[in-house]
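So this one's input_29.cif, mmCIF, N, CA and C atoms:
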data_query
loop_
_atom_site.group_PDB
_atom_site.id
_atom_site.type_symbol
_atom_site.label_atom_id
_atom_site.label_comp_id
_atom_site.auth_asym_id
_atom_site.auth_seq_id
_atom_site.Cartn_x
_atom_site.Cartn_y
_atom_site.Cartn_z
ATOM 1 N N MET A 1 103.368 99.238 65.146
ATOM 2 C CA MET A 1 101.989 98.897 64.896
ATOM 3 C C MET A 1 101.106 100.084 65.289
ATOM 4 N N ARG A 2 100.168 100.375 64.465
ATOM 5 C CA ARG A 2 99.227 101.453 64.752
ATOM 6 C C ARG A 2 97.915 100.846 65.225
ATOM 7 N N PHE A 3 97.440 101.372 66.325
ATOM 8 C CA PHE A 3 96.186 100.896 66.890
ATOM 9 C C PHE A 3 95.078 101.892 66.586
ATOM 10 N N LYS A 4 93.845 101.413 66.629
ATOM 11 C CA LYS A 4 92.705 102.312 66.519
ATOM 12 C C LYS A 4 92.614 103.142 67.793
ATOM 13 N N LYS A 5 91.786 104.176 67.741
ATOM 14 C CA LYS A 5 91.562 105.044 68.891
ATOM 15 C C LYS A 5 91.120 104.203 70.099
ATOM 16 N N PRO A 6 91.663 104.478 71.294
ATOM 17 C CA PRO A 6 91.270 103.689 72.466
ATOM 18 C C PRO A 6 89.791 103.878 72.808
ATOM 19 N N LEU A 7 89.218 102.830 73.359
ATOM 20 C CA LEU A 7 87.801 102.857 73.704
ATOM 21 C C LEU A 7 87.575 103.450 75.093
ATOM 22 N N THR A 8 86.556 104.274 75.181
ATOM 23 C CA THR A 8 86.168 104.843 76.468
ATOM 24 C C THR A 8 85.248 103.873 77.195
ATOM 25 N N ARG A 9 84.965 104.186 78.437
ATOM 26 C CA ARG A 9 84.023 103.368 79.207
ATOM 27 C C ARG A 9 82.663 103.323 78.504
ATOM 28 N N ALA A 10 82.234 104.479 77.985
ATOM 29 C CA ALA A 10 80.951 104.538 77.274
ATOM 30 C C ALA A 10 80.975 103.655 76.025
ATOM 31 N N ASP A 11 82.086 103.640 75.310
ATOM 32 C CA ASP A 11 82.218 102.768 74.135
ATOM 33 C C ASP A 11 82.069 101.299 74.537
ATOM 34 N N LEU A 12 82.739 100.911 75.609
ATOM 35 C CA LEU A 12 82.685 99.525 76.064
ATOM 36 C C LEU A 12 81.295 99.156 76.560
ATOM 37 N N GLU A 13 80.630 100.078 77.233
ATOM 38 C CA GLU A 13 79.262 99.821 77.691
ATOM 39 C C GLU A 13 78.316 99.647 76.503
ATOM 40 N N ALA A 14 78.526 100.417 75.445
ATOM 41 C CA ALA A 14 77.695 100.285 74.241
ATOM 42 C C ALA A 14 77.927 98.931 73.568
ATOM 43 N N ILE A 15 79.172 98.488 73.520
ATOM 44 C CA ILE A 15 79.481 97.172 72.956
ATOM 45 C C ILE A 15 78.796 96.088 73.788
ATOM 46 N N GLN A 16 78.884 96.226 75.094
ATOM 47 C CA GLN A 16 78.240 95.253 75.973
ATOM 48 C C GLN A 16 76.729 95.215 75.734
ATOM 49 N N ALA A 17 76.115 96.377 75.610
ATOM 50 C CA ALA A 17 74.665 96.457 75.414
ATOM 51 C C ALA A 17 74.235 95.795 74.100
ATOM 52 N N ARG A 18 75.089 95.867 73.076
ATOM 53 C CA ARG A 18 74.768 95.258 71.788
ATOM 54 C C ARG A 18 74.998 93.753 71.772
ATOM 55 N N ASN A 19 75.686 93.234 72.790
ATOM 56 C CA ASN A 19 76.086 91.826 72.781
ATOM 57 C C ASN A 19 75.753 91.114 74.088
ATOM 58 N N LEU A 20 74.584 91.371 74.615
ATOM 59 C CA LEU A 20 74.214 90.831 75.924
ATOM 60 C C LEU A 20 74.206 89.311 75.975
ATOM 61 N N GLU A 21 73.949 88.652 74.861
ATOM 62 C CA GLU A 21 73.828 87.193 74.848
ATOM 63 C C GLU A 21 75.141 86.481 74.504
ATOM 64 N N SER A 22 76.194 87.229 74.234
ATOM 65 C CA SER A 22 77.437 86.611 73.781
ATOM 66 C C SER A 22 78.386 86.325 74.948
ATOM 67 N N ASP A 23 78.592 85.041 75.222
ATOM 68 C CA ASP A 23 79.552 84.661 76.266
ATOM 69 C C ASP A 23 80.972 85.051 75.867
ATOM 70 N N ASP A 24 81.297 84.942 74.579
ATOM 71 C CA ASP A 24 82.625 85.328 74.111
ATOM 72 C C ASP A 24 82.866 86.823 74.310
ATOM 73 N N MET A 25 81.852 87.644 74.023
ATOM 74 C CA MET A 25 82.011 89.086 74.207
ATOM 75 C C MET A 25 82.152 89.413 75.690
ATOM 76 N N ARG A 26 81.387 88.742 76.523
ATOM 77 C CA ARG A 26 81.485 88.959 77.968
ATOM 78 C C ARG A 26 82.908 88.629 78.452
ATOM 79 N N THR A 27 83.456 87.530 77.945
ATOM 80 C CA THR A 27 84.826 87.143 78.303
ATOM 81 C C THR A 27 85.822 88.195 77.835
ATOM 82 N N ALA A 28 85.652 88.690 76.610
ATOM 83 C CA ALA A 28 86.552 89.723 76.076
ATOM 84 C C ALA A 28 86.453 91.011 76.888
ATOM 85 N N LEU A 29 85.256 91.388 77.288
ATOM 86 C CA LEU A 29 85.091 92.610 78.077
ATOM 87 C C LEU A 29 85.700 92.465 79.471
ATOM 88 N N TRP A 30 85.634 91.264 80.059
ATOM 89 C CA TRP A 30 86.301 91.052 81.346
ATOM 90 C C TRP A 30 87.815 91.171 81.191
ATOM 91 N N GLU A 31 88.336 90.690 80.086
ATOM 92 C CA GLU A 31 89.772 90.822 79.825
ATOM 93 C C GLU A 31 90.149 92.294 79.652
ATOM 94 N N ILE A 32 89.315 93.041 78.957
ATOM 95 C CA ILE A 32 89.558 94.475 78.798
ATOM 96 C C ILE A 32 89.528 95.160 80.160
ATOM 97 N N ALA A 33 88.587 94.788 81.011
ATOM 98 C CA ALA A 33 88.514 95.377 82.356
ATOM 99 C C ALA A 33 89.777 95.073 83.147
ATOM 100 N N ARG A 34 90.280 93.850 83.022
ATOM 101 C CA ARG A 34 91.511 93.477 83.715
ATOM 102 C C ARG A 34 92.693 94.307 83.219
ATOM 103 N N LEU A 35 92.790 94.480 81.919
ATOM 104 C CA LEU A 35 93.895 95.254 81.344
ATOM 105 C C LEU A 35 93.786 96.735 81.698
ATOM 106 N N ARG A 36 92.563 97.257 81.750
ATOM 107 C CA ARG A 36 92.383 98.655 82.165
ATOM 108 C C ARG A 36 92.829 98.845 83.615
ATOM 109 N N ALA A 37 92.559 97.859 84.469
ATOM 110 C CA ALA A 37 93.015 97.930 85.862
ATOM 111 C C ALA A 37 94.542 97.924 85.921
ATOM 112 N N LEU A 38 95.180 97.144 85.056
ATOM 113 C CA LEU A 38 96.636 97.115 85.001
ATOM 114 C C LEU A 38 97.194 98.465 84.549
ATOM 115 N N VAL A 39 96.545 99.094 83.584
ATOM 116 C CA VAL A 39 96.959 100.427 83.129
ATOM 117 C C VAL A 39 96.849 101.433 84.282
ATOM 118 N N LEU A 40 95.773 101.355 85.044
ATOM 119 C CA LEU A 40 95.612 102.259 86.191
ATOM 120 C C LEU A 40 96.684 102.008 87.242
ATOM 121 N N TYR A 41 97.059 100.749 87.440
ATOM 122 C CA TYR A 41 98.130 100.423 88.371
ATOM 123 C C TYR A 41 99.454 101.012 87.882
ATOM 124 N N ALA A 42 99.741 100.884 86.586
ATOM 125 C CA ALA A 42 100.962 101.463 86.009
ATOM 126 C C ALA A 42 100.956 102.982 86.155
ATOM 127 N N ASP A 43 99.796 103.604 85.981
ATOM 128 C CA ASP A 43 99.690 105.054 86.138
ATOM 129 C C ASP A 43 99.994 105.449 87.583
ATOM 130 N N GLN A 44 99.451 104.702 88.528
ATOM 131 C CA GLN A 44 99.713 104.989 89.940
ATOM 132 C C GLN A 44 101.202 104.823 90.255
ATOM 133 N N LEU A 45 101.800 103.767 89.760
ATOM 134 C CA LEU A 45 103.211 103.509 90.004
ATOM 135 C C LEU A 45 104.090 104.617 89.429
ATOM 136 N N GLN A 46 103.817 105.032 88.197
ATOM 137 C CA GLN A 46 104.657 106.074 87.591
ATOM 138 C C GLN A 46 104.534 107.386 88.344
ATOM 139 N N ARG A 47 103.368 107.672 88.911
ATOM 140 C CA ARG A 47 103.206 108.896 89.693
ATOM 141 C C ARG A 47 104.038 108.850 90.968
ATOM 142 N N MET A 48 104.198 107.655 91.525
ATOM 143 C CA MET A 48 104.973 107.503 92.756
ATOM 144 C C MET A 48 106.481 107.595 92.509
ATOM 145 N N LEU A 49 106.915 107.336 91.274
ATOM 146 C CA LEU A 49 108.346 107.286 90.979
ATOM 147 C C LEU A 49 109.021 108.650 90.957
ATOM 148 N N GLY A 50 108.270 109.704 90.753
ATOM 149 C CA GLY A 50 108.891 111.023 90.691
ATOM 150 C C GLY A 50 109.733 111.171 89.436
ATOM 151 N N THR A 51 110.872 111.824 89.558
ATOM 152 C CA THR A 51 111.754 112.076 88.424
ATOM 153 C C THR A 51 112.943 111.134 88.476
ATOM 154 N N LEU A 52 113.284 110.553 87.342
ATOM 155 C CA LEU A 52 114.440 109.672 87.248
ATOM 156 C C LEU A 52 115.442 110.269 86.258
ATOM 157 N N PRO A 53 116.727 110.008 86.454
ATOM 158 C CA PRO A 53 117.749 110.560 85.564
ATOM 159 C C PRO A 53 117.948 109.726 84.299
ATOM 160 N N GLY A 54 118.536 110.335 83.299
ATOM 161 C CA GLY A 54 119.017 109.648 82.105
ATOM 162 C C GLY A 54 117.970 108.885 81.321
ATOM 163 N N GLN A 55 118.381 107.708 80.829
ATOM 164 C CA GLN A 55 117.513 106.896 79.990
ATOM 165 C C GLN A 55 116.294 106.396 80.750
ATOM 166 N N GLN A 56 116.459 106.156 82.035
ATOM 167 C CA GLN A 56 115.314 105.742 82.840
ATOM 168 C C GLN A 56 114.263 106.844 82.859
ATOM 169 N N GLY A 57 114.717 108.077 82.989
ATOM 170 C CA GLY A 57 113.810 109.216 82.973
ATOM 171 C C GLY A 57 113.117 109.383 81.631
ATOM 172 N N ASP A 58 113.873 109.152 80.554
ATOM 173 C CA ASP A 58 113.290 109.242 79.209
ATOM 174 C C ASP A 58 112.211 108.178 79.017
ATOM 175 N N LEU A 59 112.508 106.971 79.466
ATOM 176 C CA LEU A 59 111.548 105.876 79.354
ATOM 177 C C LEU A 59 110.301 106.163 80.189
ATOM 178 N N LEU A 60 110.502 106.674 81.396
ATOM 179 C CA LEU A 60 109.374 107.011 82.263
ATOM 180 C C LEU A 60 108.542 108.137 81.657
ATOM 181 N N ALA A 61 109.189 109.120 81.065
ATOM 182 C CA ALA A 61 108.458 110.216 80.422
ATOM 183 C C ALA A 61 107.613 109.699 79.253
ATOM 184 N N SER A 62 108.167 108.755 78.492
ATOM 185 C CA SER A 62 107.422 108.157 77.384
ATOM 186 C C SER A 62 106.219 107.377 77.909
ATOM 187 N N LEU A 63 106.416 106.615 78.970
ATOM 188 C CA LEU A 63 105.312 105.882 79.585
ATOM 189 C C LEU A 63 104.238 106.839 80.089
ATOM 190 N N ARG A 64 104.655 107.911 80.731
ATOM 191 C CA ARG A 64 103.700 108.899 81.249
ATOM 192 C C ARG A 64 102.855 109.486 80.125
ATOM 193 N N ALA A 65 103.485 109.801 79.012
ATOM 194 C CA ALA A 65 102.751 110.378 77.886
ATOM 195 C C ALA A 65 101.734 109.386 77.335
ATOM 196 N N LYS A 66 102.123 108.123 77.231
ATOM 197 C CA LYS A 66 101.205 107.111 76.722
ATOM 198 C C LYS A 66 100.056 106.862 77.698
ATOM 199 N N LEU A 67 100.357 106.788 78.975
ATOM 200 C CA LEU A 67 99.315 106.568 79.971
ATOM 201 C C LEU A 67 98.323 107.731 80.008
ATOM 202 N N ALA A 68 98.816 108.944 79.825
ATOM 203 C CA ALA A 68 97.950 110.120 79.862
ATOM 204 C C ALA A 68 96.904 110.101 78.752
ATOM 205 N N GLU A 69 97.175 109.368 77.675
ATOM 206 C CA GLU A 69 96.240 109.278 76.547
ATOM 207 C C GLU A 69 95.190 108.191 76.734
ATOM 208 N N GLU A 70 95.366 107.350 77.733
ATOM 209 C CA GLU A 70 94.449 106.230 77.937
ATOM 210 C C GLU A 70 93.134 106.703 78.555
ATOM 211 N N PRO A 71 92.006 106.357 77.929
ATOM 212 C CA PRO A 71 90.712 106.773 78.476
ATOM 213 C C PRO A 71 90.492 106.340 79.923
ATOM 214 N N CYS A 72 90.941 105.133 80.290
ATOM 215 C CA CYS A 72 90.699 104.692 81.675
ATOM 216 C C CYS A 72 91.459 105.571 82.669
ATOM 217 N N VAL A 73 92.606 106.105 82.278
ATOM 218 C CA VAL A 73 93.350 107.025 83.149
ATOM 219 C C VAL A 73 92.635 108.369 83.195
ATOM 220 N N GLN A 74 92.157 108.835 82.056
ATOM 221 C CA GLN A 74 91.454 110.117 82.008
ATOM 222 C C GLN A 74 90.129 110.059 82.757
ATOM 223 N N GLU A 75 89.462 108.912 82.726
ATOM 224 C CA GLU A 75 88.149 108.764 83.356
ATOM 225 C C GLU A 75 88.236 108.490 84.853
ATOM 226 N N PHE A 76 89.379 108.005 85.318
ATOM 227 C CA PHE A 76 89.513 107.634 86.717
ATOM 228 C C PHE A 76 89.587 108.889 87.583
ATOM 229 N N PRO A 77 88.799 108.954 88.662
ATOM 230 C CA PRO A 77 88.856 110.156 89.514
ATOM 231 C C PRO A 77 90.199 110.282 90.210
ATOM 232 N N LYS A 78 90.735 111.468 90.201
ATOM 233 C CA LYS A 78 92.014 111.724 90.851
ATOM 234 C C LYS A 78 91.763 112.221 92.277
ATOM 235 N N LEU A 79 92.500 111.653 93.220
ATOM 236 C CA LEU A 79 92.368 112.075 94.611
ATOM 237 C C LEU A 79 93.258 113.259 94.927
ATOM 238 N N THR A 80 94.339 113.394 94.147
ATOM 239 C CA THR A 80 95.245 114.528 94.329
ATOM 240 C C THR A 80 95.507 115.144 92.968
ATOM 241 N N PRO A 81 95.799 116.437 92.922
ATOM 242 C CA PRO A 81 96.087 117.081 91.636
ATOM 243 C C PRO A 81 97.367 116.542 91.017
ATOM 244 N N ASP A 82 97.447 116.598 89.687
ATOM 245 C CA ASP A 82 98.665 116.170 88.995
ATOM 246 C C ASP A 82 99.808 117.080 89.370
ATOM 247 N N ALA A 83 100.992 116.496 89.440
ATOM 248 C CA ALA A 83 102.200 117.269 89.774
ATOM 249 C C ALA A 83 102.780 117.889 88.528
#

Would you encode the structure as structure tokens?
Amino acid sequence: MRFKKPLTRADLEAIQARNLESDDMRTALWEIARLRALVLYADQLQRMLGTLPGQQGDLLASLRAKLAEEPCVQEFPKLTPDA
């Protein structure tokens, strides 16, 4: 499945501003916030894992590449430099 380009924080804020009266949109944006927090948690976890051998390493490398493309990961302040 091909997805559209991921939304940045600014994109989501603009959507919110256009839909201030919509309870459904507010609910959807809270769900997006929850999922973005989960992505950040996955990013933190993968950074802690270091290097893994074999297929596990390949899977982790694929996850790392996908997480690196996520706007919420790019926008989140890093406390330590990337390894």

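Taking CA of Met25 in chain A as the reference point, CA of Glu13 in chain A is found at 11.6 Å.
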
- Task: Go through chain A and collect every residue that DSSP, computed from the backbone, puts in helix (DSSP H, G or I); the answer should be as a ChimeraX atom specification.
- Result: /A:9-18,23-49,54-68,71-75

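For the pair CA of Leu12 in chain A and CA of Leu60 in chain A, the interatomic distance is 28.4 Å.
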
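Compared by their closest atoms to Ile32 in chain A, and using only C-alpha atoms, the residues A:Leu45, A:Cys72, A:Leu67, A:Ala61 rank with A:Cys72 nearest.
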
- Task: Find the residues around Gln16 in chain A up to 12 Å (only C-alpha atoms counted), leave out those fewer than 3 positions away in its own chain, and share them as a PyMOL selection string.
- Result: chain A and resi 9-13+19-30+32

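Of the listed residues A:Pro6, A:Arg34, A:Gln56, A:Arg47, the one whose atoms come nearest to Glu69 in chain A is A:Pro6, with distances taken using all atoms listed in the file.
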
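The space separating CA of Arg2 in chain A from CA of Glu75 in chain A comes to 22.9 Å.
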
- Neighbours of Ala68 in chain A within 12 Å (only C-alpha atoms; same-chain residues fewer than 6 positions away dropped), as a list in words? Pro6, Val39, Leu40, Ala42, Asp43, Gln44, Gln46, Arg47, Ala61, Ser62, Gln74, Glu75, Phe76 and Asp82 of chain A

File output, range 27-57 of chain A (N, CA, C and O atoms) as a tab-separated table (two decimals), in the first residue's frame:
chain	number	residue	atom	x	y	z
A	27	THR	N	-11.10	14.37	17.70
A	27	THR	CA	-10.86	12.97	18.07
A	27	THR	C	-9.79	12.35	17.17
A	27	THR	O	-8.89	11.65	17.65
A	28	ALA	N	-9.87	12.61	15.87
A	28	ALA	CA	-8.88	12.08	14.92
A	28	ALA	C	-7.49	12.64	15.21
A	28	ALA	O	-6.49	11.91	15.16
A	29	LEU	N	-7.40	13.92	15.54
A	29	LEU	CA	-6.10	14.52	15.84
A	29	LEU	C	-5.51	13.97	17.14
A	29	LEU	O	-4.29	13.79	17.24
A	30	TRP	N	-6.36	13.66	18.13
A	30	TRP	CA	-5.85	13.03	19.35
A	30	TRP	C	-5.31	11.63	19.04
A	30	TRP	O	-4.30	11.21	19.60
A	31	GLU	N	-5.97	10.93	18.15
A	31	GLU	CA	-5.48	9.60	17.75
A	31	GLU	C	-4.14	9.73	17.02
A	31	GLU	O	-3.23	8.95	17.25
A	32	ILE	N	-4.02	10.72	16.17
A	32	ILE	CA	-2.76	10.96	15.48
A	32	ILE	C	-1.67	11.29	16.49
A	32	ILE	O	-0.54	10.78	16.39
A	33	ALA	N	-1.98	12.09	17.49
A	33	ALA	CA	-1.00	12.43	18.53
A	33	ALA	C	-0.56	11.18	19.28
A	33	ALA	O	0.64	10.99	19.57
A	34	ARG	N	-1.50	10.29	19.57
A	34	ARG	CA	-1.17	9.04	20.25
A	34	ARG	C	-0.24	8.18	19.40
A	34	ARG	O	0.76	7.64	19.88
A	35	LEU	N	-0.54	8.08	18.12
A	35	LEU	CA	0.28	7.27	17.22
A	35	LEU	C	1.66	7.88	17.01
A	35	LEU	O	2.66	7.15	16.91
A	36	ARG	N	1.74	9.20	16.97
A	36	ARG	CA	3.05	9.86	16.85
A	36	ARG	C	3.89	9.57	18.10
A	36	ARG	O	5.09	9.35	17.99
A	37	ALA	N	3.26	9.55	19.27
A	37	ALA	CA	3.99	9.21	20.50
A	37	ALA	C	4.50	7.77	20.44
A	37	ALA	O	5.63	7.49	20.87
A	38	LEU	N	3.71	6.87	19.87
A	38	LEU	CA	4.14	5.49	19.72
A	38	LEU	C	5.33	5.38	18.76
A	38	LEU	O	6.28	4.62	19.00
A	39	VAL	N	5.31	6.15	17.69
A	39	VAL	CA	6.44	6.18	16.75
A	39	VAL	C	7.70	6.68	17.46
A	39	VAL	O	8.79	6.12	17.28
A	40	LEU	N	7.57	7.71	18.28
A	40	LEU	CA	8.72	8.22	19.02
A	40	LEU	C	9.24	7.18	20.01
A	40	LEU	O	10.46	7.04	20.20
A	41	TYR	N	8.34	6.42	20.62
A	41	TYR	CA	8.75	5.35	21.52
A	41	TYR	C	9.52	4.27	20.75
A	41	TYR	O	10.56	3.78	21.20
A	42	ALA	N	9.02	3.89	19.57
A	42	ALA	CA	9.71	2.90	18.73
A	42	ALA	C	11.08	3.42	18.31
A	42	ALA	O	12.06	2.66	18.29
A	43	ASP	N	11.18	4.71	18.01
A	43	ASP	CA	12.47	5.30	17.63
A	43	ASP	C	13.44	5.22	18.81
A	43	ASP	O	14.61	4.84	18.63
A	44	GLN	N	12.97	5.53	20.00
A	44	GLN	CA	13.82	5.45	21.18
A	44	GLN	C	14.28	4.01	21.42
A	44	GLN	O	15.46	3.76	21.70
A	45	LEU	N	13.37	3.07	21.30
A	45	LEU	CA	13.70	1.67	21.51
A	45	LEU	C	14.74	1.18	20.50
A	45	LEU	O	15.72	0.53	20.88
A	46	GLN	N	14.55	1.51	19.23
A	46	GLN	CA	15.51	1.03	18.22
A	46	GLN	C	16.89	1.62	18.45
A	46	GLN	O	17.89	0.99	18.19
A	47	ARG	N	16.97	2.84	18.96
A	47	ARG	CA	18.27	3.44	19.26
A	47	ARG	C	18.97	2.71	20.39
A	47	ARG	O	20.19	2.61	20.42
A	48	MET	N	18.19	2.19	21.33
A	48	MET	CA	18.77	1.47	22.47
A	48	MET	C	19.25	0.07	22.09
A	48	MET	O	20.10	-0.50	22.76
A	49	LEU	N	18.71	-0.49	21.00
A	49	LEU	CA	19.02	-1.87	20.64
A	49	LEU	C	20.42	-2.06	20.06
A	49	LEU	O	20.95	-3.16	20.08
A	50	GLY	N	21.02	-1.01	19.55
A	50	GLY	CA	22.34	-1.16	18.96
A	50	GLY	C	22.28	-1.97	17.68
A	50	GLY	O	21.34	-1.86	16.90
A	51	THR	N	23.27	-2.82	17.46
A	51	THR	CA	23.35	-3.63	16.25
A	51	THR	C	22.94	-5.06	16.55
A	51	THR	O	23.37	-5.63	17.55
A	52	LEU	N	22.13	-5.63	15.68
A	52	LEU	CA	21.70	-7.01	15.83
A	52	LEU	C	22.18	-7.81	14.61
A	52	LEU	O	22.29	-7.27	13.52
A	53	PRO	N	22.45	-9.10	14.79
A	53	PRO	CA	22.93	-9.92	13.68
A	53	PRO	C	21.80	-10.45	12.80
A	53	PRO	O	20.64	-10.49	13.21
A	54	GLY	N	22.15	-10.86	11.61
A	54	GLY	CA	21.27	-11.60	10.71
A	54	GLY	C	19.98	-10.91	10.34
A	54	GLY	O	19.93	-9.69	10.13
A	55	GLN	N	18.90	-11.71	10.29
A	55	GLN	CA	17.60	-11.20	9.87
A	55	GLN	C	17.05	-10.18	10.85
A	55	GLN	O	16.36	-9.24	10.46
A	56	GLN	N	17.37	-10.35	12.12
A	56	GLN	CA	16.94	-9.37	13.11
A	56	GLN	C	17.56	-8.01	12.80
A	56	GLN	O	16.90	-6.97	12.90
A	57	GLY	N	18.83	-8.02	12.44
A	57	GLY	CA	19.52	-6.79	12.08
A	57	GLY	C	18.94	-6.15	10.83
A	57	GLY	O	18.80	-4.93	10.75
